[in-house]
Structure formats: C-alpha cells, structure tokens
$ cat my_file-v3.txt   # compact mmCIF, C-alpha atoms
# COMPACT_ATOMS: atom_id res chain seq x y z
CA MET A 4 79.96 376.20 78.03
CA THR A 5 82.36 374.60 75.54
CA PRO A 6 81.46 375.02 71.87
CA ARG A 7 80.50 371.85 70.08
CA PRO A 8 83.25 370.70 67.67
CA GLU A 9 80.88 370.55 64.70
CA LEU A 10 80.03 374.24 65.22
CA MET A 11 83.63 375.39 65.48
CA THR A 12 85.28 376.79 62.39
CA SER A 13 88.65 375.60 61.21
CA GLU A 14 91.67 377.89 61.10
CA SER A 15 91.30 377.96 57.31
CA GLU A 16 87.71 379.20 57.60
CA ARG A 17 88.67 381.92 60.11
CA ASP A 18 91.52 383.03 57.81
CA SER A 19 89.28 383.82 54.87
CA ALA A 20 87.49 386.64 53.12
CA GLY A 21 84.19 385.81 54.82
CA ALA A 22 81.83 386.33 51.89
CA ILE A 23 78.28 387.08 53.06
CA PHE A 24 76.85 384.24 50.94
CA PRO A 25 78.25 381.86 48.31
CA PRO A 26 78.67 384.03 45.19
CA PRO A 27 77.06 381.58 42.71
CA LEU A 28 73.96 381.54 44.92
CA ILE A 29 73.80 385.33 44.91
CA TYR A 30 73.67 385.27 41.13
CA ALA A 31 71.18 382.37 41.14
CA VAL A 32 68.82 384.06 43.60
CA GLY A 33 68.87 387.31 41.60
CA PHE A 34 68.18 385.41 38.40
CA LEU A 35 65.39 383.34 39.96
CA ILE A 36 63.66 386.43 41.35
CA GLY A 37 63.83 388.06 37.92
CA TYR A 38 62.56 384.92 36.24
CA LEU A 39 59.63 384.63 38.69
CA ILE A 40 58.73 388.29 38.17
CA ASP A 41 58.75 387.59 34.43
CA ARG A 42 56.17 384.84 34.93
CA ARG A 43 53.84 387.44 36.50
CA VAL A 44 54.73 390.50 34.43
CA PRO A 45 56.36 389.34 31.20
CA LEU A 46 59.01 391.58 29.65
CA SER A 47 60.45 389.63 26.77
CA LEU A 48 63.36 390.05 24.43
CA PRO A 49 62.57 389.40 20.79
CA HIS A 50 62.94 385.81 19.64
CA GLY A 51 65.23 385.08 16.77
CA GLY A 52 68.49 383.70 15.56
CA ILE A 53 70.78 386.60 16.48
CA ILE A 54 69.36 386.91 20.01
CA ASP A 55 69.76 383.19 20.62
CA PHE A 56 73.25 383.26 19.12
CA ILE A 57 74.32 386.15 21.39
CA GLY A 58 72.91 384.38 24.46
CA GLY A 59 74.65 381.13 23.56
CA LEU A 60 77.89 382.94 22.83
CA LEU A 61 77.82 384.65 26.24
CA VAL A 62 77.06 381.37 28.04
CA GLY A 63 79.86 379.61 26.15
CA LEU A 64 82.33 382.43 26.87
CA ALA A 65 81.34 382.32 30.54
CA ILE A 66 81.93 378.57 30.77
CA VAL A 67 85.35 378.83 29.12
CA LEU A 68 86.38 381.77 31.33
CA PHE A 69 85.20 379.90 34.43
CA ILE A 70 87.10 376.72 33.55
CA VAL A 71 90.30 378.59 32.71
CA ALA A 72 90.13 380.68 35.91
CA ILE A 73 89.52 377.60 38.08
CA SER A 74 92.40 375.83 36.35
CA GLU A 75 94.75 378.76 37.05
CA MET A 76 93.75 378.82 40.71
CA ARG A 77 94.28 375.09 41.08
CA SER A 78 97.65 375.32 39.31
CA SER A 79 98.67 377.99 41.81
CA GLY A 80 97.65 375.73 44.67
CA THR A 81 95.07 378.13 46.09
CA THR A 82 91.41 377.56 46.83
CA ILE A 83 88.41 378.68 44.82
CA MET A 84 86.27 378.67 47.94
CA PRO A 85 85.78 382.13 49.48
CA TYR A 86 85.52 380.52 52.93
CA ARG A 87 88.99 379.02 52.89
CA SER A 88 92.43 380.51 53.35
CA THR A 89 94.07 381.87 50.20
CA THR A 90 97.65 380.69 49.71
CA SER A 91 98.71 382.84 46.76
CA ILE A 92 97.73 385.67 44.46
CA VAL A 93 97.01 384.27 41.01
CA GLU A 94 98.30 386.56 38.26
CA THR A 95 98.23 384.21 35.27
CA GLY A 96 95.61 383.44 32.63
CA PRO A 97 92.52 385.64 32.93
CA PHE A 98 93.83 387.00 36.25
CA LYS A 99 96.26 389.11 34.17
CA TYR A 100 93.27 391.11 32.91
CA THR A 101 90.69 390.98 35.70
CA ARG A 102 91.01 390.35 39.41
CA ASN A 103 87.64 388.60 39.40
CA PRO A 104 87.33 386.38 36.33
CA ILE A 105 85.02 383.91 38.07
CA TYR A 106 82.54 386.62 39.08
CA LEU A 107 82.82 388.03 35.57
CA ALA A 108 82.08 384.55 34.19
CA ASP A 109 79.08 384.31 36.52
CA ALA A 110 77.77 387.67 35.24
CA LEU A 111 78.30 386.67 31.59
CA PHE A 112 76.50 383.38 32.20
CA TYR A 113 73.63 385.24 33.92
CA ILE A 114 73.28 387.67 31.01
CA GLY A 115 73.58 384.93 28.40
CA LEU A 116 70.97 382.78 30.10
CA ALA A 117 68.54 385.70 30.37
CA VAL A 118 69.05 386.44 26.67
CA MET A 119 68.57 382.77 25.72
CA LEU A 120 65.36 382.66 27.77
CA HIS A 121 64.24 385.97 26.20
CA THR A 122 63.53 387.53 29.59
CA ILE A 123 64.42 391.08 30.61
CA TRP A 124 63.61 390.99 34.35
CA PRO A 125 66.81 389.18 35.40
CA LEU A 126 68.76 391.80 33.41
CA ILE A 127 66.93 394.58 35.26
CA LEU A 128 67.93 392.95 38.57
CA LEU A 129 71.56 392.33 37.55
CA PRO A 130 72.83 395.70 38.88
CA VAL A 131 71.43 394.80 42.32
CA VAL A 132 73.15 391.41 42.14
CA LEU A 133 76.42 393.08 41.15
CA VAL A 134 76.20 395.54 44.06
CA VAL A 135 75.72 392.61 46.46
CA ILE A 136 78.68 390.80 44.86
CA ASP A 137 80.79 393.95 44.96
CA ARG A 138 80.03 394.94 48.56
CA GLY A 139 79.32 391.59 50.18
CA VAL A 140 81.96 389.48 48.46
CA ILE A 141 84.61 391.38 46.49
CA ALA A 142 85.14 394.16 49.05
CA ARG A 143 85.62 391.54 51.77
CA GLU A 144 87.97 389.53 49.58
CA GLU A 145 90.03 392.60 48.75
CA ALA A 146 90.31 393.61 52.41
CA TYR A 147 91.34 390.05 53.30
CA LEU A 148 93.91 389.84 50.50
CA SER A 149 95.33 393.24 51.49
CA ARG A 150 95.77 392.03 55.09
CA ARG A 151 97.21 388.69 54.02
CA PHE A 152 99.54 389.75 51.20
CA GLY A 153 100.17 393.45 51.84
CA ASP A 154 102.25 395.21 49.20
CA GLU A 155 102.14 392.21 46.84
CA TYR A 156 98.35 392.50 46.59
CA LYS A 157 98.48 396.30 46.50
CA SER A 158 100.80 396.07 43.48
CA TYR A 159 98.51 393.54 41.79
CA ARG A 160 95.48 395.80 42.39
CA ALA A 161 97.32 398.71 40.83
CA ARG A 162 98.08 396.68 37.67
CA VAL A 163 94.85 394.74 37.16
CA ARG A 164 91.29 396.05 37.04
CA ARG A 165 88.56 394.68 39.28
CA TRP A 166 86.25 393.57 36.44
CA VAL A 167 87.70 394.25 32.97
$ encode --input "my_file-v3.txt" --output "structure tokens"
Amino acid sequence: MTPRPELMTSESERDSAGAIFPPPLIYAVGFLIGYLIDRRVPLSLPHGGIIDFIGGLLVGLAIVLFIVAISEMRSSGTTIMPYRSTTSIVETGPFKYTRNPIYLADALFYIGLAVMLHTIWPLILLPVVLVVIDRGVIAREEAYLSRRFGDEYKSYRARVRRWV
C-alpha cells in the first residue's frame, strides 16, 4: 500500500528535533490545568500593587525576550518551528546567554500571568511543565543539533547555559 501524499512528511520535517508536542501548547495545557484546579480549590496570591507590577513586569520581559529571540532566528535564516530543519546555530542576541530563550520567555510569561491572575496552582504545576519541556522538547532538540552540527554545537553548549 502506498502512503497517501497528505500523510507523508517532508524532508524538512524528517530532519528535525521531533518535539513531542508544540512547546507553547505544553505551557498552555499546564497553565490551564492549574487554572482549572484553582477554580475548584482556590490558592490565591495576595492582591495588590506590587504583585500586579511584578506579574506585568514578567509578562513584559517575556514578550520582549520572545520577540528578540524570534528576530535573531529569522535574521540567521533558521526556523522557529521545532518540526522543521534547522539551518544554523544562532549565537547572537539572547542566544549568547541562554540556548533556549524562547522557552525561557514562555516560562516567564507563564509565571507572570499566574502572578497577575493571583493564582498559585499554575505555579505549583510549572516544575512538571518544565520537566516535559526539558525531556520532551529540549533533550530532543539538543540530540538533533548535536547530530546535525557536531563539534560546532558541542562548542556552543560548552559556552552557553541551557536556561540562564
């Protein structure tokens, strides 16, 4: 039986990290579960100016980091999609300080949103989300980049931390 063309993956999709699930959705699902638990068993952060300011600051920082990281990847001509072939190792902008600025931005956004909504449950679930990101996405990306770029990626890994 010949596979149907619409079910076949492109070469670019086969030559990829193969994340288990789109990373933003992993964060979103974790947050949503925490938020729904909070509706049943409320665990609230105190309301007030400083709490709201910290939450807003984290969300703003996350958005800026995300935009800058995406811009650096586009400038390098590589994809932001974990299901497509990577064409280069980005070492500029936030990638000088963290190998995963987009996942860091996602985590900062997640924390900031939880703080702004005054809910603790998503924060309690964040370590689980980060383990899924680490094992199901980052570990696969690192193995892929090691295969694809060899010593160049090994050198980059030695210089730049995974998170911060």
$ residues_around --input "my_file-v3.txt" --residues "Ile36 (chain A)" --least-positions-apart "4" --cutoff "9 Å" --atoms "all atoms listed in the file" --output "ChimeraX atom specification"
/A:31-32,40-41,124-125,128
$ residues_around --input "my_file-v3.txt" --residues "Ser158 (chain A)" --least-positions-apart "4" --cutoff "12 Å" --atoms "all atoms listed in the file" --output "number ranges by chain"
A: 92, 94, 148-149, 152-154, 162-164
$ closest_residue --input "my_file-v3.txt" --among "A:Ile123, A:Ala108, A:Val167, A:Leu129" --to "Pro45 (chain A)" --atoms "only C-alpha atoms"
A:Ile123
$ residues_around --input "my_file-v3.txt" --residues "Phe69 (chain A)" --least-positions-apart "5" --cutoff "9 Å" --atoms "all atoms listed in the file" --output "CSV table (one decimal) with C-alpha atoms, in the coordinates of the input"
chain,number,residue,atom,x,y,z
A,64,LEU,CA,82.3,382.4,26.9
A,74,SER,CA,92.4,375.8,36.4
A,104,PRO,CA,87.3,386.4,36.3
A,105,ILE,CA,85.0,383.9,38.1
A,106,TYR,CA,82.5,386.6,39.1
A,107,LEU,CA,82.8,388.0,35.6
A,108,ALA,CA,82.1,384.6,34.2
A,109,ASP,CA,79.1,384.3,36.5
$ closest_residue --input "my_file-v3.txt" --among "A:Ile141, A:Ile127, A:Lys157, A:Asn103" --to "Tyr38 (chain A)" --atoms "all atoms listed in the file"
A:Ile127
$ atom_distance --input "my_file-v3.txt" --atom1 "CA of Ala110 (chain A)" --atom2 "CA of Leu68 (chain A)"
11.1 Å
$ atom_distance --input "my_file-v3.txt" --atom1 "CA of Arg42 (chain A)" --atom2 "CA of Ile57 (chain A)"
22.7 Å
$ closest_residue --input "my_file-v3.txt" --among "A:Gly51, A:His121, A:Leu133, A:Tyr156" --to "Val93 (chain A)" --atoms "only C-alpha atoms"
A:Tyr156
